[in-house]
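Next up, final_1.cif (mmCIF, C-alpha atoms and all ligand atoms):
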```
data_start
#
loop_
_atom_site.label_atom_id
_atom_site.label_comp_id
_atom_site.auth_asym_id
_atom_site.auth_seq_id
_atom_site.Cartn_x
_atom_site.Cartn_y
_atom_site.Cartn_z
CA MET A 1 91.14 101.34 113.04
CA ASP A 2 88.10 103.58 112.86
CA ASN A 3 85.95 103.82 109.73
CA GLN A 4 87.80 106.76 108.32
CA GLU A 5 91.16 105.07 108.73
CA ARG A 6 89.82 101.89 107.21
CA HIS A 7 88.56 103.85 104.25
CA ILE A 8 91.94 105.53 103.73
CA TYR A 9 93.68 102.20 104.16
CA GLN A 10 91.49 100.57 101.54
CA GLN A 11 91.99 103.51 99.20
CA ARG A 12 95.70 103.24 99.74
CA ARG A 13 95.68 99.53 99.03
CA LYS A 14 93.82 100.27 95.84
CA PHE A 15 96.38 102.91 94.97
CA LEU A 16 99.36 100.72 95.79
CA GLY A 17 97.71 97.95 93.83
CA GLY A 18 99.04 99.33 90.61
CA LEU A 19 100.41 102.25 88.73
CA GLY A 20 97.09 102.04 86.98
CA ALA A 21 95.94 104.65 89.45
CA LEU A 22 97.97 107.16 87.49
CA GLY A 23 96.74 105.92 84.19
CA LEU A 24 93.57 107.89 83.72
CA ALA A 25 93.34 111.21 82.00
CA ALA A 26 90.89 111.71 79.19
CA PHE A 27 87.58 113.47 79.57
CA GLY A 28 85.01 114.72 77.14
CA ASN A 29 84.62 118.49 77.01
CA PRO A 30 84.90 118.89 80.78
CA LEU A 31 85.74 122.55 81.14
CA ASN A 32 82.64 123.87 79.48
CA ALA A 33 80.41 121.93 81.80
CA ALA A 34 76.91 123.30 81.96
CA ALA A 35 75.25 123.49 85.32
CA ASP A 36 72.55 121.05 86.28
CA GLN A 37 69.80 123.58 86.84
CA ASN A 38 67.70 121.36 89.08
CA LYS A 39 69.52 121.76 92.36
CA SER A 40 70.50 124.96 94.05
CA ILE A 41 71.90 126.18 97.32
CA ALA A 42 71.88 129.57 99.08
CA LEU A 43 75.14 130.75 100.59
CA PRO A 44 74.57 132.89 103.70
CA PHE A 45 75.15 136.36 102.21
CA ASP A 46 73.46 138.67 99.66
CA ASN A 47 73.58 137.29 96.09
CA GLY A 48 74.53 133.89 97.51
CA GLU A 49 72.14 131.83 95.34
CA ARG A 50 74.13 129.13 93.54
CA VAL A 51 73.57 126.06 91.42
CA LEU A 52 74.78 122.64 92.57
CA THR A 53 76.47 120.87 89.71
CA SER A 54 77.77 117.41 88.81
CA ALA A 55 78.75 118.43 85.29
CA PHE A 56 82.50 118.70 85.83
CA PRO A 57 84.63 115.56 85.40
CA GLN A 58 85.21 113.62 88.67
CA LYS A 59 83.07 116.09 90.64
CA SER A 60 79.59 115.68 92.03
CA ASP A 61 77.18 117.99 93.85
CA VAL A 62 79.55 120.93 94.11
CA ILE A 63 78.67 124.62 94.14
CA LEU A 64 79.15 126.41 90.83
CA LEU A 65 80.67 129.91 91.05
CA ARG A 66 82.11 130.14 87.53
CA THR A 67 82.41 127.71 84.64
CA ARG A 68 85.50 128.86 82.75
CA PRO A 69 88.03 128.96 84.23
CA PRO A 70 86.36 126.77 86.87
CA LEU A 71 85.57 128.00 90.37
CA ILE A 72 83.67 125.42 92.38
CA GLU A 73 83.01 125.32 96.10
CA THR A 74 82.50 122.45 98.54
CA PRO A 75 79.01 122.46 100.16
CA PHE A 76 79.60 122.93 103.88
CA ASP A 77 77.70 119.82 105.04
CA VAL A 78 80.51 117.73 103.46
CA PHE A 79 82.77 118.86 106.32
CA ASP A 80 80.43 117.26 108.86
CA GLN A 81 80.94 113.84 107.28
CA GLY A 82 84.63 113.46 108.13
CA VAL A 83 87.91 115.32 108.28
CA PHE A 84 89.05 114.07 104.85
CA THR A 85 87.30 115.98 102.08
CA PRO A 86 86.31 113.52 99.34
CA ASN A 87 88.00 114.16 95.99
CA ASP A 88 84.72 114.44 94.12
CA ARG A 89 83.48 117.20 96.46
CA PHE A 90 86.82 119.04 96.79
CA TYR A 91 86.72 122.72 95.74
CA VAL A 92 88.40 123.88 92.53
CA ARG A 93 90.01 127.17 91.58
CA TRP A 94 91.83 128.12 88.35
CA HIS A 95 92.92 131.54 87.13
CA LEU A 96 93.48 130.88 83.44
CA ALA A 97 91.04 129.43 80.95
CA ASP A 98 93.29 127.29 78.76
CA ILE A 99 93.50 124.16 80.91
CA PRO A 100 94.37 120.79 79.31
CA THR A 101 91.32 118.53 79.26
CA ALA A 102 93.60 115.46 79.27
CA VAL A 103 97.17 114.71 80.25
CA ASP A 104 98.92 111.61 78.94
CA PRO A 105 100.76 109.97 81.86
CA ALA A 106 103.08 108.12 79.44
CA THR A 107 104.51 111.22 77.79
CA PHE A 108 104.22 113.64 80.73
CA ARG A 109 107.55 115.00 82.03
CA LEU A 110 108.49 117.03 85.10
CA ASP A 111 111.51 119.20 84.32
CA ILE A 112 113.96 120.56 86.89
CA ARG A 113 116.29 123.20 85.51
CA GLY A 114 117.89 126.59 86.16
CA HIS A 115 120.54 126.91 88.86
CA VAL A 116 121.12 123.19 89.22
CA ASN A 117 124.07 120.92 88.56
CA LYS A 118 122.11 118.80 86.11
CA THR A 119 118.88 119.48 84.30
CA VAL A 120 116.50 116.55 84.66
CA SER A 121 113.27 115.50 82.99
CA LEU A 122 111.37 112.92 85.04
CA THR A 123 108.55 110.58 84.07
CA LEU A 124 105.75 109.68 86.47
CA ASN A 125 107.32 106.25 86.81
CA ASP A 126 110.62 107.88 87.81
CA LEU A 127 108.80 109.69 90.61
CA LEU A 128 107.18 106.47 91.80
CA ARG A 129 110.32 104.32 91.60
CA LYS A 130 113.36 106.50 92.14
CA PHE A 131 112.28 108.53 95.15
CA PRO A 132 110.98 107.64 98.60
CA ARG A 133 107.24 107.91 98.97
CA PHE A 134 106.20 110.81 101.20
CA GLU A 135 102.77 111.43 102.72
CA ILE A 136 101.25 114.27 104.66
CA THR A 137 97.71 115.29 105.60
CA ALA A 138 97.20 118.99 105.00
CA VAL A 139 94.49 121.59 104.53
CA ASN A 140 94.37 123.26 101.12
CA GLN A 141 92.69 126.64 101.61
CA CYS A 142 92.28 129.42 99.05
CA SER A 143 93.55 132.83 100.20
CA GLY A 144 90.08 134.17 99.41
CA ASN A 145 88.12 131.51 101.30
CA SER A 146 85.09 133.21 102.95
CA ARG A 147 85.49 136.35 100.80
CA GLY A 148 81.71 136.66 100.41
CA PHE A 149 81.44 137.52 104.12
CA PHE A 150 83.63 140.64 103.89
CA SER A 151 81.86 143.84 104.86
CA PRO A 152 81.99 146.08 102.92
CA ARG A 153 81.94 143.50 100.13
CA VAL A 154 85.04 143.15 97.93
CA PRO A 155 85.43 141.97 94.31
CA GLY A 156 86.65 138.45 93.49
CA GLY A 157 85.17 134.96 93.74
CA GLN A 158 82.33 135.21 96.24
CA TRP A 159 83.18 132.12 98.28
CA ALA A 160 81.41 131.13 101.48
CA ASN A 161 83.57 128.93 103.76
CA GLY A 162 83.93 126.02 101.34
CA ALA A 163 87.04 127.09 99.38
CA MET A 164 89.07 124.70 101.49
CA GLY A 165 89.56 120.98 101.88
CA ASN A 166 91.70 118.49 103.75
CA ALA A 167 93.38 115.51 102.10
CA ARG A 168 96.09 112.95 102.56
CA TRP A 169 98.67 113.85 99.91
CA THR A 170 101.02 111.18 98.58
CA GLY A 171 104.06 111.82 96.45
CA VAL A 172 107.69 112.80 96.83
CA ARG A 173 109.53 115.46 98.79
CA LEU A 174 110.56 118.46 96.73
CA LYS A 175 113.85 118.34 98.66
CA ASP A 176 114.63 114.88 97.25
CA LEU A 177 114.04 116.05 93.69
CA LEU A 178 116.08 119.22 94.12
CA GLU A 179 118.95 117.28 95.67
CA TYR A 180 118.81 114.78 92.82
CA SER A 181 119.19 117.64 90.36
CA GLY A 182 121.76 119.39 92.60
CA VAL A 183 120.99 122.95 93.73
CA ARG A 184 123.85 125.39 93.11
CA THR A 185 125.05 127.55 95.98
CA ASN A 186 123.73 130.90 94.71
CA ALA A 187 120.10 129.70 94.40
CA VAL A 188 117.57 131.98 96.11
CA GLN A 189 114.13 130.80 94.99
CA VAL A 190 112.41 127.96 93.21
CA ARG A 191 109.67 128.70 90.66
CA PHE A 192 106.80 126.36 89.79
CA ASN A 193 104.87 126.36 86.53
CA GLY A 194 101.74 124.45 85.52
CA LEU A 195 100.37 123.28 82.17
CA ASP A 196 97.55 125.85 82.13
CA ALA A 197 97.77 129.10 80.17
CA GLY A 198 95.69 132.13 79.29
CA VAL A 199 93.67 132.27 76.10
CA ILE A 200 95.82 135.10 74.70
CA PRO A 201 99.63 134.79 74.70
CA GLN A 202 100.07 138.08 76.60
CA THR A 203 98.47 136.62 79.76
CA PRO A 204 101.24 135.84 82.26
CA LYS A 205 101.57 132.11 83.00
CA PHE A 206 100.44 131.11 86.50
CA MET A 207 103.77 130.62 88.27
CA LYS A 208 104.58 130.83 91.96
CA SER A 209 107.93 130.76 93.76
CA LEU A 210 109.16 129.72 97.18
CA ALA A 211 112.38 130.71 98.97
CA ILE A 212 115.07 128.06 98.52
CA ASP A 213 115.18 127.15 102.23
CA HIS A 214 111.42 126.65 102.25
CA ALA A 215 111.60 124.49 99.11
CA LEU A 216 114.24 122.34 100.83
CA ASP A 217 112.47 122.02 104.21
CA GLY A 218 111.50 118.38 103.64
CA GLU A 219 107.75 119.05 103.96
CA VAL A 220 107.00 120.85 100.73
CA MET A 221 106.12 118.02 98.37
CA ILE A 222 104.92 117.07 94.92
CA ALA A 223 101.75 115.01 95.16
CA TYR A 224 100.62 112.42 92.62
CA ALA A 225 97.77 111.21 94.80
CA MET A 226 95.08 112.68 96.98
CA ASN A 227 93.22 110.55 99.52
CA GLY A 228 94.79 107.45 97.98
CA GLU A 229 93.76 108.08 94.37
CA ALA A 230 95.30 109.91 91.43
CA LEU A 231 94.59 113.64 91.61
CA PRO A 232 91.37 114.65 89.87
CA LEU A 233 92.16 116.55 86.67
CA LEU A 234 90.74 119.76 88.10
CA ASN A 235 92.84 119.43 91.26
CA GLY A 236 96.01 119.23 89.21
CA TYR A 237 96.45 115.80 87.60
CA PRO A 238 99.04 114.39 87.32
CA LEU A 239 101.19 116.41 89.81
CA ARG A 240 100.72 119.33 92.14
CA LEU A 241 102.81 121.15 94.67
CA VAL A 242 101.71 120.82 98.32
CA VAL A 243 102.95 123.53 100.67
CA PRO A 244 101.74 122.54 104.16
CA GLY A 245 100.54 125.45 106.29
CA TRP A 246 100.62 127.92 103.38
CA TYR A 247 97.70 129.28 101.36
CA ALA A 248 96.76 127.23 98.32
CA THR A 249 97.86 129.85 95.82
CA TYR A 250 101.34 128.29 96.16
CA TRP A 251 100.05 124.77 95.53
CA VAL A 252 100.70 124.86 91.77
CA LYS A 253 98.58 122.32 89.87
CA MET A 254 99.50 120.33 86.74
CA LEU A 255 103.07 121.10 87.77
CA HIS A 256 105.48 120.31 84.93
CA ASP A 257 108.35 122.73 85.32
CA ILE A 258 110.55 123.59 88.31
CA GLU A 259 113.14 126.31 87.85
CA VAL A 260 115.80 127.11 90.44
CA LEU A 261 116.44 130.87 90.36
CA ASP A 262 119.54 132.84 91.36
CA LYS A 263 117.52 136.07 91.77
CA PRO A 264 114.10 136.81 93.22
CA ASP A 265 111.20 135.89 90.93
CA ASN A 266 109.73 138.94 89.27
CA ASN A 267 106.87 137.26 87.42
CA PHE A 268 103.38 138.75 87.77
CA TRP A 269 101.79 136.03 89.92
CA THR A 270 104.63 135.99 92.47
CA ALA A 271 105.65 139.66 92.54
CA LYS A 272 102.41 141.55 91.88
CA ALA A 273 99.43 139.34 92.67
CA TYR A 274 98.38 137.86 96.01
CA LEU A 275 99.80 140.71 98.09
CA ILE A 276 98.44 141.44 101.56
CA PRO A 277 98.82 144.38 103.96
CA ASP A 278 102.01 143.78 105.92
CA ASN A 279 100.46 143.12 109.33
CA HIS A 280 99.50 140.00 111.21
CA PHE A 281 95.85 139.65 110.17
CA ALA A 282 96.20 141.40 106.79
CA ASN A 283 93.92 144.10 108.10
CA VAL A 284 93.34 147.66 106.83
CA HIS A 285 90.43 150.13 106.78
CA PRO A 286 88.29 150.32 103.66
CA GLY A 287 89.77 153.14 101.56
CA GLU A 288 93.11 153.13 103.36
CA LYS A 289 96.08 153.79 101.04
CA GLY A 290 99.86 153.82 101.10
CA PHE A 291 100.39 150.77 103.34
CA LYS A 292 103.19 148.28 102.76
CA GLN A 293 102.26 144.98 101.08
CA VAL A 294 103.92 141.58 101.13
CA PRO A 295 103.15 138.27 99.39
CA ILE A 296 100.50 136.23 101.19
CA ASN A 297 102.10 133.33 103.05
CA THR A 298 101.15 131.18 106.06
CA MET A 299 97.65 130.26 107.24
CA LEU A 300 96.05 131.29 110.53
CA PRO A 301 93.96 129.06 112.85
CA ARG A 302 90.26 128.62 112.04
CA SER A 303 87.30 126.68 113.41
CA PHE A 304 83.78 126.09 112.10
CA PHE A 305 80.42 124.58 113.05
CA THR A 306 79.43 121.69 110.80
CA ASN A 307 76.16 120.45 112.34
CA VAL A 308 74.42 123.70 113.26
CA ARG A 309 72.84 126.04 110.75
CA PRO A 310 71.78 129.61 111.54
CA GLY A 311 68.19 129.82 112.73
CA VAL A 312 67.69 126.20 113.78
CA THR A 313 65.56 125.53 116.84
CA PHE A 314 66.89 123.58 119.84
CA ARG A 315 64.62 121.95 122.43
CA LEU A 316 64.71 123.46 125.89
CA GLY A 317 66.53 121.19 128.37
CA GLN A 318 67.56 118.65 125.76
CA PRO A 319 71.29 117.83 125.62
CA MET A 320 72.73 118.31 122.14
CA GLU A 321 76.07 117.51 120.59
CA ILE A 322 77.58 120.47 118.75
CA ARG A 323 80.45 119.66 116.44
CA GLY A 324 82.67 121.05 113.76
CA ILE A 325 86.17 121.16 112.34
CA ALA A 326 89.23 123.24 113.12
CA PHE A 327 92.79 123.60 111.98
CA GLY A 328 95.88 125.39 113.23
CA GLY A 329 97.25 126.82 109.96
CA LEU A 330 101.05 126.88 109.93
CA HIS A 331 101.24 125.70 113.52
CA GLY A 332 99.25 122.78 114.85
CA LEU A 333 95.98 123.15 116.70
CA ARG A 334 96.25 123.37 120.49
CA GLU A 335 92.66 123.87 121.56
CA VAL A 336 89.13 124.60 120.43
CA GLN A 337 86.73 126.49 122.69
CA PHE A 338 82.96 126.63 122.42
CA SER A 339 80.51 129.16 123.83
CA SER A 340 76.73 128.79 123.99
CA ASP A 341 76.12 132.24 125.48
CA GLY A 342 77.54 134.64 122.93
CA GLY A 343 81.08 134.49 124.29
CA LEU A 344 80.40 135.18 128.00
CA THR A 345 81.69 131.76 129.00
CA TRP A 346 83.78 129.26 127.06
CA ALA A 347 84.30 125.51 127.44
CA VAL A 348 87.11 123.44 125.97
CA ALA A 349 85.81 121.19 123.19
CA SER A 350 86.99 117.59 122.87
CA LEU A 351 89.10 116.87 119.82
CA GLY A 352 88.87 113.92 117.44
CA GLN A 353 91.71 111.91 115.95
CA ASP A 354 94.90 113.82 115.19
CA TYR A 355 96.11 113.33 111.59
CA GLY A 356 99.05 115.71 112.00
CA LYS A 357 99.60 119.41 112.54
CA TYR A 358 98.36 120.56 109.11
CA SER A 359 95.11 118.56 109.10
CA PHE A 360 91.50 119.36 109.93
CA ARG A 361 90.52 118.01 113.30
CA GLN A 362 87.00 117.36 114.45
CA TRP A 363 85.78 119.04 117.66
CA ARG A 364 82.74 118.22 119.79
CA ALA A 365 80.99 119.98 122.65
CA ALA A 366 77.75 119.53 124.58
CA ALA A 367 75.03 122.14 124.82
CA ASN A 368 71.97 122.04 127.06
CA PHE A 369 69.87 125.20 127.10
CA LYS A 370 67.97 125.96 130.30
CA THR A 371 66.22 129.12 129.08
CA PRO A 372 64.30 129.83 125.88
CA GLY A 373 65.11 132.54 123.34
CA THR A 374 67.82 133.36 120.82
CA LYS A 375 71.31 132.13 121.67
CA MET A 376 74.58 132.86 119.96
CA LEU A 377 76.91 129.88 119.60
CA MET A 378 80.58 130.65 119.05
CA VAL A 379 83.72 128.61 118.39
CA ARG A 380 87.37 129.64 118.41
CA ALA A 381 90.66 127.84 117.80
CA THR A 382 94.08 128.43 119.32
CA ASP A 383 97.26 127.18 117.68
CA THR A 384 100.30 125.65 119.42
CA THR A 385 101.97 129.08 119.70
CA GLY A 386 99.00 130.38 121.72
CA GLN A 387 97.59 132.44 118.85
CA MET A 388 93.78 132.60 118.94
CA GLN A 389 91.26 133.59 116.27
CA PRO A 390 90.34 137.30 116.52
CA ASN A 391 86.90 138.53 117.67
CA ASN A 392 86.72 141.14 114.93
CA PRO A 393 86.89 140.32 111.23
CA ASN A 394 89.84 141.62 109.24
CA TRP A 395 89.31 143.58 106.04
CA ASN A 396 91.43 144.09 102.92
CA GLY A 397 90.50 144.94 99.34
CA ALA A 398 91.30 141.47 98.03
CA GLY A 399 89.25 139.63 100.67
CA PHE A 400 92.15 137.50 101.85
CA MET A 401 92.83 135.65 105.10
CA ARG A 402 89.50 135.83 106.87
CA ASN A 403 89.78 133.98 110.19
CA VAL A 404 87.38 135.74 112.57
CA VAL A 405 85.71 133.71 115.37
CA GLU A 406 82.61 132.07 113.86
CA SER A 407 79.22 132.54 115.46
CA VAL A 408 75.74 131.23 114.72
CA ASP A 409 72.38 132.34 116.13
CA VAL A 410 69.97 129.58 117.09
CA SER A 411 66.65 129.63 118.90
CA VAL A 412 65.67 127.59 121.94
CA ALA A 413 62.04 126.71 122.55
N1 LIG A 501 98.45 125.65 87.64
C1 LIG A 501 97.69 126.31 88.52
N2 LIG A 501 97.81 125.98 89.83
C2 LIG A 501 97.05 126.61 90.76
C3 LIG A 501 96.16 127.65 90.39
C4 LIG A 501 96.05 127.97 89.00
O1 LIG A 501 95.29 128.85 88.60
N3 LIG A 501 96.83 127.27 88.10
N4 LIG A 501 95.42 128.30 91.37
C5 LIG A 501 95.94 128.24 92.74
C6 LIG A 501 94.97 128.69 93.72
S1 LIG A 501 94.78 130.37 93.89
C7 LIG A 501 94.27 127.83 94.53
S2 LIG A 501 93.19 128.39 95.69
C8 LIG A 501 94.49 126.37 94.44
C9 LIG A 501 93.17 125.62 94.38
O2 LIG A 501 93.42 124.23 94.45
P1 LIG A 501 92.28 123.20 94.05
O3 LIG A 501 91.65 123.67 92.77
O4 LIG A 501 92.91 121.87 93.95
O5 LIG A 501 91.27 123.23 95.17
O6 LIG A 501 95.26 126.02 93.30
C10 LIG A 501 96.39 126.82 93.10
N5 LIG A 501 97.19 126.25 92.06
MO MO A 502 93.27 130.76 95.71
#
```
Can you turn what I pasted into structure tokens?
Amino acid sequence: MDNQERHIYQQRRKFLGGLGALGLAAFGNPLNAAADQNKSIALPFDNGERVLTSAFPQKSDVILLRTRPPLIETPFDVFDQGVFTPNDRFYVRWHLADIPTAVDPATFRLDIRGHVNKTVSLTLNDLLRKFPRFEITAVNQCSGNSRGFFSPRVPGGQWANGAMGNARWTGVRLKDLLEYSGVRTNAVQVRFNGLDAGVIPQTPKFMKSLAIDHALDGEVMIAYAMNGEALPLLNGYPLRLVVPGWYATYWVKMLHDIEVLDKPDNNFWTAKAYLIPDNHFANVHPGEKGFKQVPINTMLPRSFFTNVRPGVTFRLGQPMEIRGIAFGGLHGLREVQFSSDGGLTWAVASLGQDYGKYSFRQWRAAANFKTPGTKMLMVRATDTTGQMQPNNPNWNGAGFMRNVVESVDVSVA
């Protein structure tokens, strides 16, 4: 067992040690947290100055984008420390401002209704006792991760690359719950609803739907734990949907209501929001109009440097380890390649432990510069279908699905 595994194992033991892990849920005034003005961080684009805050419940040293509803980003150095993103550093994104500041695990119910044979209302204990435990490691990435790098700039949360995180999710398969309730033959979609709401009643509830076959694929799950502990409130306590390989907009938090539908969901958040240009990289020209749009769906491969910052100086002739993280998106990761000469030549990076096809994976490569000057380091990932990250960035008005090859300029002296 390496250190990371041991840590997870201990966390898991702690979790298995008692249902007490699900028994927390009251916080004082968490959602109006004021920033701790002492620490700040500069994200690498114009207007990227941000405050680091520990004022939100169960969160420490995270990047504040917006207080209410919360938008908080993971500082990128966290990703150098391991492939599991700690819960207290994990990014947070909510659309609506009326978020419960406490959820009582004793009275909480998860309802399953609609086109089912029997309507059910499950307690957290039911989930723990009546259904097999299911676990998967998967990357949770916001559709708008890296939006701040779009050129020309686009409106929306100005994230750098930290609107993502990787965790081991524990809970139950959605399939098991739907089969328990009994899906009727004419079902087409399943809709998920959380406990959050807008401040005025006219605001549409945040609900997302999945096709029935997807919902029943045996991988889509309902998590009650993240990295071996109850979900932090802001990451969806007590339950959230986990949709491996799909953008996080589908990962409905504080999930309390599942409705099986016999016609396609027409609600705002499924039918009108989170649409992308209907082409592989969600790519159009600024100003382009009249193109077909479809709901955002599966994630593309990405790779990042975690131990090299732009502008650092490397010693001439001194071997250096370059490392980072990568993931395959919907399909697993096949390979990561590294270039230390601006993409003229590429070497295959070595990969760290494999925690499954939806997980982050660490990569490592060696660099040894023989000439001084400015060098461009690049990294690119290929998934198991042979799909590689593109050389040119995509663009769309919502700033979704960035996955361009990452590069960083360093100097050698
Ligand atoms: N109930 C609810 N679930 C939600 C959202 C929301 O606004 N309300 N936002 C979604 C979006 S767009 C993202 S990116 C992820 C963020 O997950 P996290 O806050 O746990 O990182 O939650 C998803 N689930
Ligand atoms: Mo998102």
Identify the residues around (104.9, 116.5, 100.2) within a radius of 6 Å, measuring from all atoms listed in the file in the coordinates stated by the file, and give them as a list in words.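 Every polymer residue passing the test: Phe134, Val172, Arg173, Glu219, Val220, Met221, Ile222 and Val242 of chain A.
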For ligand MO 502 (chain A), list the contacting residues at 6 Å or closer, counting only C-alpha atoms and all ligand atoms, as a ChimeraX atom specification. /A:142-144,248-249
Residues within 12 Å of Asn267 (chain A), please, as a PyMOL selection string. Count only C-alpha atoms; anything in the same chain fewer than 3 positions from it doesn't count. chain A and resi 191-193+203-209+261+263-264+270-273
Identify the residues around (83.3, 123.8, 86.7) within a radius of 12 Å, measuring from all atoms listed in the file in the coordinates stated by the file, and give them as an MDAnalysis selection string. chainID A and resid 29:36 51:74 89:94 97 99 233:235
Can you tell me which residues surround Leu275 (chain A) at a distance of at most 7 Å, considering all atoms listed in the file, apart from same-chain residues fewer than 4 positions away, and format the answer as an mmCIF file with C-alpha atoms, in the frame of the given file?
```cif
data_model
loop_
_atom_site.group_PDB
_atom_site.id
_atom_site.type_symbol
_atom_site.label_atom_id
_atom_site.label_comp_id
_atom_site.auth_asym_id
_atom_site.auth_seq_id
_atom_site.Cartn_x
_atom_site.Cartn_y
_atom_site.Cartn_z
ATOM 1 C CA GLN A 293 102.260 144.980 101.080
ATOM 2 C CA VAL A 294 103.920 141.580 101.130
ATOM 3 C CA PRO A 295 103.150 138.270 99.390
ATOM 4 C CA ILE A 296 100.500 136.230 101.190
#
```
Leaving out Ser350 (chain A) and any residue of its chain fewer than 3 positions from it, which residues lie within 7 Å of it when counting only C-alpha atoms, given as a ChimeraX atom specification? /A:363-365
In terms of all atoms listed in the file, the residue from A:His285, A:Arg240, A:Arg113, A:Arg147 at minimal distance from Thr170 (chain A) is A:Arg240
Which residue is closest to Pro86 (chain A)? Choose from A:Asn283, A:Asn227, A:Ser407, A:Ser359 and count all atoms listed in the file. A:Asn227
